[in-house]
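Data file: input.cif. Format and content: mmCIF, C-alpha atoms, pLDDT in the B column; chains and numbers go by the auth columns.
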data_structure
#
loop_
_atom_site.group_PDB
_atom_site.id
_atom_site.type_symbol
_atom_site.label_atom_id
_atom_site.label_comp_id
_atom_site.label_asym_id
_atom_site.label_seq_id
_atom_site.Cartn_x
_atom_site.Cartn_y
_atom_site.Cartn_z
_atom_site.B_iso_or_equiv
_atom_site.auth_seq_id
_atom_site.auth_asym_id
ATOM 1 C CA MET A 1 0.000 0.000 0.000 54.00 5 A
ATOM 2 C CA LYS A 2 2.806 2.438 0.882 47.00 6 A
ATOM 3 C CA LYS A 3 4.448 1.715 -2.455 44.00 7 A
ATOM 4 C CA LEU A 4 1.212 2.537 -4.316 40.00 8 A
ATOM 5 C CA ILE A 5 0.845 5.822 -2.421 47.00 9 A
ATOM 6 C CA PHE A 6 4.473 6.733 -3.166 40.00 10 A
ATOM 7 C CA ILE A 7 4.079 6.002 -6.889 42.00 11 A
ATOM 8 C CA THR A 8 0.842 7.981 -7.054 43.00 12 A
ATOM 9 C CA LEU A 9 2.418 10.987 -5.315 42.00 13 A
ATOM 10 C CA PHE A 10 5.472 10.757 -7.560 42.00 14 A
ATOM 11 C CA PHE A 11 3.367 10.918 -10.728 43.00 15 A
ATOM 12 C CA ILE A 12 1.207 13.750 -9.408 45.00 16 A
ATOM 13 C CA SER A 13 4.278 15.836 -8.509 45.00 17 A
ATOM 14 C CA ALA A 14 5.860 15.012 -11.889 42.00 18 A
ATOM 15 C CA LEU A 15 2.760 16.356 -13.630 45.00 19 A
ATOM 16 C CA ILE A 16 2.614 19.492 -11.501 49.00 20 A
ATOM 17 C CA PHE A 17 6.292 20.362 -11.751 55.00 21 A
ATOM 18 C CA SER A 18 7.040 18.978 -15.188 74.00 22 A
ATOM 19 C CA GLN A 19 9.107 20.849 -17.657 90.00 23 A
ATOM 20 C CA THR A 20 8.343 21.089 -21.329 95.00 24 A
ATOM 21 C CA LYS A 21 10.532 22.012 -24.270 97.00 25 A
ATOM 22 C CA GLY A 22 9.382 23.965 -27.284 98.00 26 A
ATOM 23 C CA LYS A 23 10.763 26.122 -30.069 98.00 27 A
ATOM 24 C CA VAL A 24 9.783 29.799 -29.955 98.00 28 A
ATOM 25 C CA ILE A 25 8.139 30.534 -33.305 98.00 29 A
ATOM 26 C CA LYS A 26 6.463 33.886 -32.615 98.00 30 A
ATOM 27 C CA ILE A 27 6.786 36.844 -30.275 98.00 31 A
ATOM 28 C CA ASN A 28 3.379 38.430 -29.627 98.00 32 A
ATOM 29 C CA ASP A 29 4.717 41.108 -27.304 97.00 33 A
ATOM 30 C CA GLY A 30 7.348 41.497 -24.609 97.00 34 A
ATOM 31 C CA ASP A 31 5.743 38.994 -22.260 98.00 35 A
ATOM 32 C CA THR A 32 3.918 36.607 -24.594 98.00 36 A
ATOM 33 C CA VAL A 33 5.433 34.072 -26.979 98.00 37 A
ATOM 34 C CA ILE A 34 4.211 31.117 -29.009 98.00 38 A
ATOM 35 C CA VAL A 35 6.126 27.840 -28.889 98.00 39 A
ATOM 36 C CA LEU A 36 5.967 24.846 -31.161 98.00 40 A
ATOM 37 C CA LEU A 37 5.732 21.622 -29.188 97.00 41 A
ATOM 38 C CA ALA A 38 6.110 17.991 -30.148 94.00 42 A
ATOM 39 C CA GLY A 39 3.482 16.861 -32.635 95.00 43 A
ATOM 40 C CA ASN A 40 3.397 20.325 -34.254 95.00 44 A
ATOM 41 C CA ARG A 41 1.172 21.635 -31.453 97.00 45 A
ATOM 42 C CA GLN A 42 1.439 25.354 -30.670 97.00 46 A
ATOM 43 C CA GLU A 43 1.048 26.871 -27.230 97.00 47 A
ATOM 44 C CA THR A 44 0.840 30.523 -26.219 98.00 48 A
ATOM 45 C CA LEU A 45 2.952 31.276 -23.158 98.00 49 A
ATOM 46 C CA ARG A 46 2.439 34.322 -20.942 98.00 50 A
ATOM 47 C CA LEU A 47 5.646 34.949 -19.007 98.00 51 A
ATOM 48 C CA ALA A 48 5.360 34.621 -15.252 97.00 52 A
ATOM 49 C CA GLU A 49 6.439 37.390 -12.852 97.00 53 A
ATOM 50 C CA VAL A 50 6.864 40.157 -15.438 97.00 54 A
ATOM 51 C CA ASP A 51 4.564 42.624 -17.184 97.00 55 A
ATOM 52 C CA CYS A 52 5.914 44.401 -20.247 97.00 56 A
ATOM 53 C CA PRO A 53 4.561 47.537 -21.900 96.00 57 A
ATOM 54 C CA GLU A 54 1.749 46.900 -24.378 94.00 58 A
ATOM 55 C CA ASN A 55 2.713 47.033 -28.060 92.00 59 A
ATOM 56 C CA SER A 56 0.852 50.357 -28.438 91.00 60 A
ATOM 57 C CA GLN A 57 2.538 51.793 -25.336 94.00 61 A
ATOM 58 C CA ALA A 58 5.900 53.568 -25.113 93.00 62 A
ATOM 59 C CA PHE A 59 8.679 50.944 -25.108 96.00 63 A
ATOM 60 C CA GLY A 60 6.226 48.179 -26.083 96.00 64 A
ATOM 61 C CA LYS A 61 7.990 47.518 -29.369 97.00 65 A
ATOM 62 C CA ASN A 62 11.365 47.660 -27.597 97.00 66 A
ATOM 63 C CA ALA A 63 10.223 45.026 -25.084 98.00 67 A
ATOM 64 C CA LYS A 64 8.950 42.817 -27.910 98.00 68 A
ATOM 65 C CA GLN A 65 12.245 43.209 -29.770 98.00 69 A
ATOM 66 C CA PHE A 66 14.277 42.390 -26.640 98.00 70 A
ATOM 67 C CA THR A 67 12.270 39.225 -26.014 98.00 71 A
ATOM 68 C CA GLY A 68 12.717 38.275 -29.659 98.00 72 A
ATOM 69 C CA THR A 69 16.487 38.716 -29.555 98.00 73 A
ATOM 70 C CA GLN A 70 16.637 36.508 -26.481 98.00 74 A
ATOM 71 C CA VAL A 71 14.486 33.541 -27.523 98.00 75 A
ATOM 72 C CA PHE A 72 13.098 33.689 -31.070 98.00 76 A
ATOM 73 C CA GLY A 73 13.974 30.517 -32.956 98.00 77 A
ATOM 74 C CA LYS A 74 15.451 28.884 -29.859 98.00 78 A
ATOM 75 C CA THR A 75 14.343 25.777 -28.049 98.00 79 A
ATOM 76 C CA VAL A 76 13.351 26.782 -24.541 98.00 80 A
ATOM 77 C CA THR A 77 12.356 24.898 -21.416 97.00 81 A
ATOM 78 C CA PHE A 78 9.279 26.088 -19.573 97.00 82 A
ATOM 79 C CA TYR A 79 7.357 25.263 -16.428 96.00 83 A
ATOM 80 C CA SER A 80 3.617 25.775 -16.582 95.00 84 A
ATOM 81 C CA LEU A 81 2.135 27.587 -13.594 94.00 85 A
ATOM 82 C CA GLY A 82 -1.458 27.487 -14.816 94.00 86 A
ATOM 83 C CA LYS A 83 -3.678 29.449 -17.189 95.00 87 A
ATOM 84 C CA ASP A 84 -4.523 33.139 -17.226 95.00 88 A
ATOM 85 C CA ARG A 85 -7.967 34.600 -17.890 92.00 89 A
ATOM 86 C CA TYR A 86 -7.279 34.596 -21.643 93.00 90 A
ATOM 87 C CA GLY A 87 -6.452 30.889 -21.696 95.00 91 A
ATOM 88 C CA ARG A 88 -2.714 31.393 -22.125 96.00 92 A
ATOM 89 C CA THR A 89 -0.303 29.189 -20.218 97.00 93 A
ATOM 90 C CA VAL A 90 1.501 31.227 -17.557 97.00 94 A
ATOM 91 C CA ALA A 91 5.056 29.931 -17.610 97.00 95 A
ATOM 92 C CA GLY A 92 8.582 30.396 -16.382 97.00 96 A
ATOM 93 C CA ILE A 93 10.788 30.184 -19.482 98.00 97 A
ATOM 94 C CA PHE A 94 14.463 29.218 -19.416 98.00 98 A
ATOM 95 C CA TYR A 95 16.899 29.400 -22.338 98.00 99 A
ATOM 96 C CA ASP A 96 20.604 29.268 -23.143 97.00 100 A
ATOM 97 C CA GLY A 97 21.186 26.855 -20.298 91.00 101 A
ATOM 98 C CA ASP A 98 19.905 28.595 -17.189 93.00 102 A
ATOM 99 C CA LYS A 99 18.754 32.095 -18.185 98.00 103 A
ATOM 100 C CA TYR A 100 15.292 32.938 -16.841 98.00 104 A
ATOM 101 C CA LEU A 101 13.555 35.121 -19.447 98.00 105 A
ATOM 102 C CA SER A 102 11.424 37.155 -17.018 98.00 106 A
ATOM 103 C CA LYS A 103 14.526 38.006 -14.995 98.00 107 A
ATOM 104 C CA GLU A 104 16.478 39.044 -18.108 98.00 108 A
ATOM 105 C CA ILE A 105 13.640 41.327 -19.264 98.00 109 A
ATOM 106 C CA ILE A 106 13.446 43.073 -15.891 98.00 110 A
ATOM 107 C CA LYS A 107 17.228 43.334 -15.598 98.00 111 A
ATOM 108 C CA ALA A 108 17.404 45.010 -19.043 98.00 112 A
ATOM 109 C CA GLY A 109 14.652 47.452 -18.098 98.00 113 A
ATOM 110 C CA PHE A 110 11.955 46.251 -20.506 98.00 114 A
ATOM 111 C CA GLY A 111 9.366 45.126 -17.986 97.00 115 A
ATOM 112 C CA TRP A 112 7.987 45.555 -14.508 97.00 116 A
ATOM 113 C CA TRP A 113 8.217 42.961 -11.800 97.00 117 A
ATOM 114 C CA TYR A 114 4.618 41.718 -11.604 94.00 118 A
ATOM 115 C CA PHE A 115 4.350 41.872 -7.823 91.00 119 A
ATOM 116 C CA LYS A 116 0.644 40.996 -7.889 90.00 120 A
ATOM 117 C CA ALA A 117 1.500 37.431 -8.914 90.00 121 A
ATOM 118 C CA SER A 118 5.076 36.979 -7.680 93.00 122 A
ATOM 119 C CA LYS A 119 6.871 36.750 -4.379 93.00 123 A
ATOM 120 C CA ASN A 120 10.324 36.773 -6.015 95.00 124 A
ATOM 121 C CA THR A 121 11.794 39.937 -4.470 95.00 125 A
ATOM 122 C CA GLU A 122 15.074 39.385 -6.353 97.00 126 A
ATOM 123 C CA LEU A 123 13.137 40.689 -9.358 97.00 127 A
ATOM 124 C CA LEU A 124 12.238 43.857 -7.440 97.00 128 A
ATOM 125 C CA LYS A 125 15.939 44.409 -6.729 98.00 129 A
ATOM 126 C CA LEU A 126 16.778 43.956 -10.411 98.00 130 A
ATOM 127 C CA GLN A 127 13.998 46.370 -11.364 97.00 131 A
ATOM 128 C CA ASN A 128 15.340 48.976 -8.938 97.00 132 A
ATOM 129 C CA GLU A 129 18.860 48.547 -10.369 98.00 133 A
ATOM 130 C CA ALA A 130 17.508 49.039 -13.905 98.00 134 A
ATOM 131 C CA LYS A 131 15.665 52.174 -12.718 97.00 135 A
ATOM 132 C CA THR A 132 18.807 53.563 -11.103 97.00 136 A
ATOM 133 C CA LYS A 133 20.804 52.922 -14.301 98.00 137 A
ATOM 134 C CA LYS A 134 17.929 54.296 -16.425 97.00 138 A
ATOM 135 C CA LEU A 135 17.936 51.154 -18.576 98.00 139 A
ATOM 136 C CA GLY A 136 15.269 50.508 -21.187 97.00 140 A
ATOM 137 C CA LEU A 137 11.912 52.016 -20.307 97.00 141 A
ATOM 138 C CA TRP A 138 13.407 53.550 -17.170 97.00 142 A
ATOM 139 C CA ALA A 139 15.105 56.144 -19.390 96.00 143 A
ATOM 140 C CA ASP A 140 11.606 57.693 -19.489 94.00 144 A
ATOM 141 C CA ARG A 141 10.944 59.346 -16.155 90.00 145 A
ATOM 142 C CA TYR A 142 7.223 59.109 -16.903 90.00 146 A
ATOM 143 C CA ALA A 143 7.261 55.333 -17.444 91.00 147 A
ATOM 144 C CA PHE A 144 3.685 54.123 -17.146 89.00 148 A
ATOM 145 C CA SER A 145 2.976 50.582 -15.930 91.00 149 A
ATOM 146 C CA PRO A 146 1.079 48.333 -18.336 91.00 150 A
ATOM 147 C CA TRP A 147 -1.660 47.604 -15.791 90.00 151 A
ATOM 148 C CA ASP A 148 -2.316 51.348 -15.411 88.00 152 A
ATOM 149 C CA PHE A 149 -2.155 51.745 -19.209 90.00 153 A
ATOM 150 C CA ARG A 150 -4.776 48.993 -19.664 87.00 154 A
ATOM 151 C CA LYS A 151 -6.966 50.517 -16.951 85.00 155 A
ATOM 152 C CA GLU A 152 -6.872 53.927 -18.686 84.00 156 A
ATOM 153 C CA LYS A 153 -7.570 52.327 -22.078 78.00 157 A
ATOM 154 C CA ASN A 154 -10.615 50.507 -20.673 80.00 158 A
ATOM 155 C CA LYS A 155 -12.069 53.778 -19.324 80.00 159 A
ATOM 156 C CA LYS A 156 -12.393 55.186 -22.845 68.00 160 A
#
Target format structure tokens, applied to this file:
Amino acid sequence: MKKLIFITLFFISALIFSQTKGKVIKINDGDTVIVLLAGNRQETLRLAEVDCPENSQAFGKNAKQFTGTQVFGKTVTFYSLGKDRYGRTVAGIFYDGDKYLSKEIIKAGFGWWYFKASKNTELLKLQNEAKTKKLGLWADRYAFSPWDFRKEKNKK
């Protein structure tokens, strides 16, 4: 009986914490990519822990370009954390060995640490360093968070 319980728990944890590989075939915006999985199945991934400017927002195209230079055409490993309200898979994406894409975006100044859905305060430190160095969007002293941008857009 103990062996059966152990095997069941092992498979459940393997499903929850499993990693998947896919080739990045499209960059929708700074924090959303499409990967091609085995069997020619596509999946839209929304990056965990980061929120980038919208494409129509200042620095939105820069964030999209940065993400593209980091992962477009590469095989990445990702960990699914669930689905967002749009049905996209929220995922932590790793590439080039051990680089964490959300961290690299924040470090380069092309996204905000998404504190509403993350407890990773290392990302806050990296964001503050990018602000101090005026990297990426932080060169604009009036940088406007994407969540505030979306809220304003929805008021119209």
Name the residues that the PyMOL selection byres ((chain A and resi 82) around 9) picks from the file above, as a PyMOL selection string, using the file's chain letters and numbers.
chain A and resi 22-26+49+80-81+83-84+95-99
Could you check the closest approach to Asp55 of chain A for each of A:Leu40, A:Val75, A:Ile110, A:Val28 and tell me which residue wins, using all atoms listed in the file?
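Under the stated criterion, the closest residue is A:Ile110.
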Option closest in space to Thr48 of chain A, from A:Lys87, A:Lys137, A:Lys111, A:Lys103 [counting all atoms listed in the file]:
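Checking each of A:Lys87, A:Lys137, A:Lys111, A:Lys103 against Thr48 of chain A, counting all atoms listed in the file, the winner is A:Lys87.
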Skipping near chain neighbours, those fewer than 3 positions away, what residues fall within 10 Å of Leu130 of chain A using only C-alpha atoms, listed as a list in words?
Lys107, Glu108, Ile109, Ile110, Lys111, Ala112, Gly113, Trp116, Trp117, Thr125, Glu126, Leu127, Glu133, Ala134, Lys135 and Thr136 of chain A
File dump, residues just selected, C-alpha atoms, as a PDB file, keeping the file's coordinate frame:
ATOM      1  CA  LYS A 107      14.526  38.006 -14.995  1.00 98.00           C
ATOM      2  CA  GLU A 108      16.478  39.044 -18.108  1.00 98.00           C
ATOM      3  CA  ILE A 109      13.640  41.327 -19.264  1.00 98.00           C
ATOM      4  CA  ILE A 110      13.446  43.073 -15.891  1.00 98.00           C
ATOM      5  CA  LYS A 111      17.228  43.334 -15.598  1.00 98.00           C
ATOM      6  CA  ALA A 112      17.404  45.010 -19.043  1.00 98.00           C
ATOM      7  CA  GLY A 113      14.652  47.452 -18.098  1.00 98.00           C
ATOM      8  CA  TRP A 116       7.987  45.555 -14.508  1.00 97.00           C
ATOM      9  CA  TRP A 117       8.217  42.961 -11.800  1.00 97.00           C
ATOM     10  CA  THR A 125      11.794  39.937  -4.470  1.00 95.00           C
ATOM     11  CA  GLU A 126      15.074  39.385  -6.353  1.00 97.00           C
ATOM     12  CA  LEU A 127      13.137  40.689  -9.358  1.00 97.00           C
ATOM     13  CA  GLU A 133      18.860  48.547 -10.369  1.00 98.00           C
ATOM     14  CA  ALA A 134      17.508  49.039 -13.905  1.00 98.00           C
ATOM     15  CA  LYS A 135      15.665  52.174 -12.718  1.00 97.00           C
ATOM     16  CA  THR A 136      18.807  53.563 -11.103  1.00 97.00           C
TER      17      THR A 136
END
Excluding same-chain residues fewer than 4 positions from segment 66-70 of chain A, what lies within 9 Å of it counting all atoms listed in the file, as a ChimeraX atom specification?
/A:31-36,56-59,62,74-75,109,112-115,140-141
Under the rule that all atoms listed in the file are counted, which of A:Arg50, A:Tyr104, A:Lys155, A:Phe63 is the nearest residue to Trp142 of chain A?
A:Phe63
Figure out the distance between atom CA of Thr93 of chain A and atom CA of Ser60 of chain A, please, to one decimal in Å.
22.7 Å
Taking the block just given, write segment 115-144 of chain A to a file that holds N, CA and C atoms, as a PDB file, in the first residue's frame.
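Contents of result-v2.pdb, as written:
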ATOM      1  N   GLY A 115      10.583  45.590 -18.618  1.00  0.00           N
ATOM      2  CA  GLY A 115       9.366  45.126 -17.986  1.00  0.00           C
ATOM      3  C   GLY A 115       9.370  45.407 -16.504  1.00  0.00           C
ATOM      4  N   TRP A 116       8.186  45.360 -15.939  1.00  0.00           N
ATOM      5  CA  TRP A 116       7.987  45.555 -14.508  1.00  0.00           C
ATOM      6  C   TRP A 116       7.913  44.197 -13.832  1.00  0.00           C
ATOM      7  N   TRP A 117       8.447  44.140 -12.634  1.00  0.00           N
ATOM      8  CA  TRP A 117       8.217  42.961 -11.800  1.00  0.00           C
ATOM      9  C   TRP A 117       6.725  42.942 -11.508  1.00  0.00           C
ATOM     10  N   TYR A 118       6.057  41.823 -11.796  1.00  0.00           N
ATOM     11  CA  TYR A 118       4.618  41.718 -11.604  1.00  0.00           C
ATOM     12  C   TYR A 118       4.333  41.236 -10.188  1.00  0.00           C
ATOM     13  N   PHE A 119       4.439  42.170  -9.251  1.00  0.00           N
ATOM     14  CA  PHE A 119       4.350  41.872  -7.823  1.00  0.00           C
ATOM     15  C   PHE A 119       3.000  41.290  -7.418  1.00  0.00           C
ATOM     16  N   LYS A 120       1.971  41.518  -8.222  1.00  0.00           N
ATOM     17  CA  LYS A 120       0.644  40.996  -7.889  1.00  0.00           C
ATOM     18  C   LYS A 120       0.605  39.471  -7.954  1.00  0.00           C
ATOM     19  N   ALA A 121       1.524  38.886  -8.728  1.00  0.00           N
ATOM     20  CA  ALA A 121       1.500  37.431  -8.914  1.00  0.00           C
ATOM     21  C   ALA A 121       2.862  36.798  -8.656  1.00  0.00           C
ATOM     22  N   SER A 122       3.730  37.499  -7.921  1.00  0.00           N
ATOM     23  CA  SER A 122       5.076  36.979  -7.680  1.00  0.00           C
ATOM     24  C   SER A 122       5.553  37.369  -6.289  1.00  0.00           C
ATOM     25  N   LYS A 123       6.246  36.464  -5.678  1.00  0.00           N
ATOM     26  CA  LYS A 123       6.871  36.750  -4.379  1.00  0.00           C
ATOM     27  C   LYS A 123       8.395  36.819  -4.515  1.00  0.00           C
ATOM     28  N   ASN A 124       8.890  36.797  -5.740  1.00  0.00           N
ATOM     29  CA  ASN A 124      10.324  36.773  -6.015  1.00  0.00           C
ATOM     30  C   ASN A 124      10.908  38.183  -5.899  1.00  0.00           C
ATOM     31  N   THR A 125      11.311  38.575  -4.695  1.00  0.00           N
ATOM     32  CA  THR A 125      11.794  39.937  -4.470  1.00  0.00           C
ATOM     33  C   THR A 125      13.158  40.205  -5.117  1.00  0.00           C
ATOM     34  N   GLU A 126      13.842  39.158  -5.581  1.00  0.00           N
ATOM     35  CA  GLU A 126      15.074  39.385  -6.353  1.00  0.00           C
ATOM     36  C   GLU A 126      14.732  40.191  -7.605  1.00  0.00           C
ATOM     37  N   LEU A 127      13.550  39.956  -8.166  1.00  0.00           N
ATOM     38  CA  LEU A 127      13.137  40.689  -9.358  1.00  0.00           C
ATOM     39  C   LEU A 127      12.897  42.163  -9.047  1.00  0.00           C
ATOM     40  N   LEU A 128      12.400  42.462  -7.859  1.00  0.00           N
ATOM     41  CA  LEU A 128      12.238  43.857  -7.440  1.00  0.00           C
ATOM     42  C   LEU A 128      13.602  44.532  -7.363  1.00  0.00           C
ATOM     43  N   LYS A 129      14.587  43.843  -6.810  1.00  0.00           N
ATOM     44  CA  LYS A 129      15.939  44.409  -6.729  1.00  0.00           C
ATOM     45  C   LYS A 129      16.496  44.693  -8.117  1.00  0.00           C
ATOM     46  N   LEU A 130      16.297  43.757  -9.042  1.00  0.00           N
ATOM     47  CA  LEU A 130      16.778  43.956 -10.411  1.00  0.00           C
ATOM     48  C   LEU A 130      16.056  45.123 -11.088  1.00  0.00           C
ATOM     49  N   GLN A 131      14.766  45.246 -10.814  1.00  0.00           N
ATOM     50  CA  GLN A 131      13.998  46.370 -11.364  1.00  0.00           C
ATOM     51  C   GLN A 131      14.542  47.689 -10.829  1.00  0.00           C
ATOM     52  N   ASN A 132      14.809  47.752  -9.535  1.00  0.00           N
ATOM     53  CA  ASN A 132      15.340  48.976  -8.938  1.00  0.00           C
ATOM     54  C   ASN A 132      16.724  49.327  -9.490  1.00  0.00           C
ATOM     55  N   GLU A 133      17.546  48.310  -9.751  1.00  0.00           N
ATOM     56  CA  GLU A 133      18.860  48.547 -10.369  1.00  0.00           C
ATOM     57  C   GLU A 133      18.697  49.106 -11.781  1.00  0.00           C
ATOM     58  N   ALA A 134      17.764  48.548 -12.548  1.00  0.00           N
ATOM     59  CA  ALA A 134      17.508  49.039 -13.905  1.00  0.00           C
ATOM     60  C   ALA A 134      17.012  50.483 -13.866  1.00  0.00           C
ATOM     61  N   LYS A 135      16.153  50.797 -12.884  1.00  0.00           N
ATOM     62  CA  LYS A 135      15.665  52.174 -12.718  1.00  0.00           C
ATOM     63  C   LYS A 135      16.823  53.123 -12.428  1.00  0.00           C
ATOM     64  N   THR A 136      17.668  52.728 -11.488  1.00  0.00           N
ATOM     65  CA  THR A 136      18.807  53.563 -11.103  1.00  0.00           C
ATOM     66  C   THR A 136      19.718  53.828 -12.300  1.00  0.00           C
ATOM     67  N   LYS A 137      19.932  52.805 -13.123  1.00  0.00           N
ATOM     68  CA  LYS A 137      20.804  52.922 -14.301  1.00  0.00           C
ATOM     69  C   LYS A 137      20.079  53.513 -15.509  1.00  0.00           C
ATOM     70  N   LYS A 138      18.765  53.769 -15.349  1.00  0.00           N
ATOM     71  CA  LYS A 138      17.929  54.296 -16.425  1.00  0.00           C
ATOM     72  C   LYS A 138      17.986  53.421 -17.687  1.00  0.00           C
ATOM     73  N   LEU A 139      17.897  52.111 -17.468  1.00  0.00           N
ATOM     74  CA  LEU A 139      17.936  51.154 -18.576  1.00  0.00           C
ATOM     75  C   LEU A 139      16.549  51.001 -19.193  1.00  0.00           C
ATOM     76  N   GLY A 140      16.514  50.789 -20.493  1.00  0.00           N
ATOM     77  CA  GLY A 140      15.269  50.508 -21.187  1.00  0.00           C
ATOM     78  C   GLY A 140      14.210  51.557 -20.928  1.00  0.00           C
ATOM     79  N   LEU A 141      13.034  51.105 -20.528  1.00  0.00           N
ATOM     80  CA  LEU A 141      11.912  52.016 -20.307  1.00  0.00           C
ATOM     81  C   LEU A 141      12.168  52.984 -19.153  1.00  0.00           C
ATOM     82  N   TRP A 142      13.122  52.674 -18.310  1.00  0.00           N
ATOM     83  CA  TRP A 142      13.407  53.550 -17.170  1.00  0.00           C
ATOM     84  C   TRP A 142      14.153  54.805 -17.590  1.00  0.00           C
ATOM     85  N   ALA A 143      14.534  54.901 -18.863  1.00  0.00           N
ATOM     86  CA  ALA A 143      15.105  56.144 -19.390  1.00  0.00           C
ATOM     87  C   ALA A 143      14.017  57.228 -19.444  1.00  0.00           C
ATOM     88  N   ASP A 144      12.756  56.794 -19.471  1.00  0.00           N
ATOM     89  CA  ASP A 144      11.606  57.693 -19.489  1.00  0.00           C
ATOM     90  C   ASP A 144      11.153  57.916 -18.050  1.00  0.00           C
TER      91      ASP A 144
END
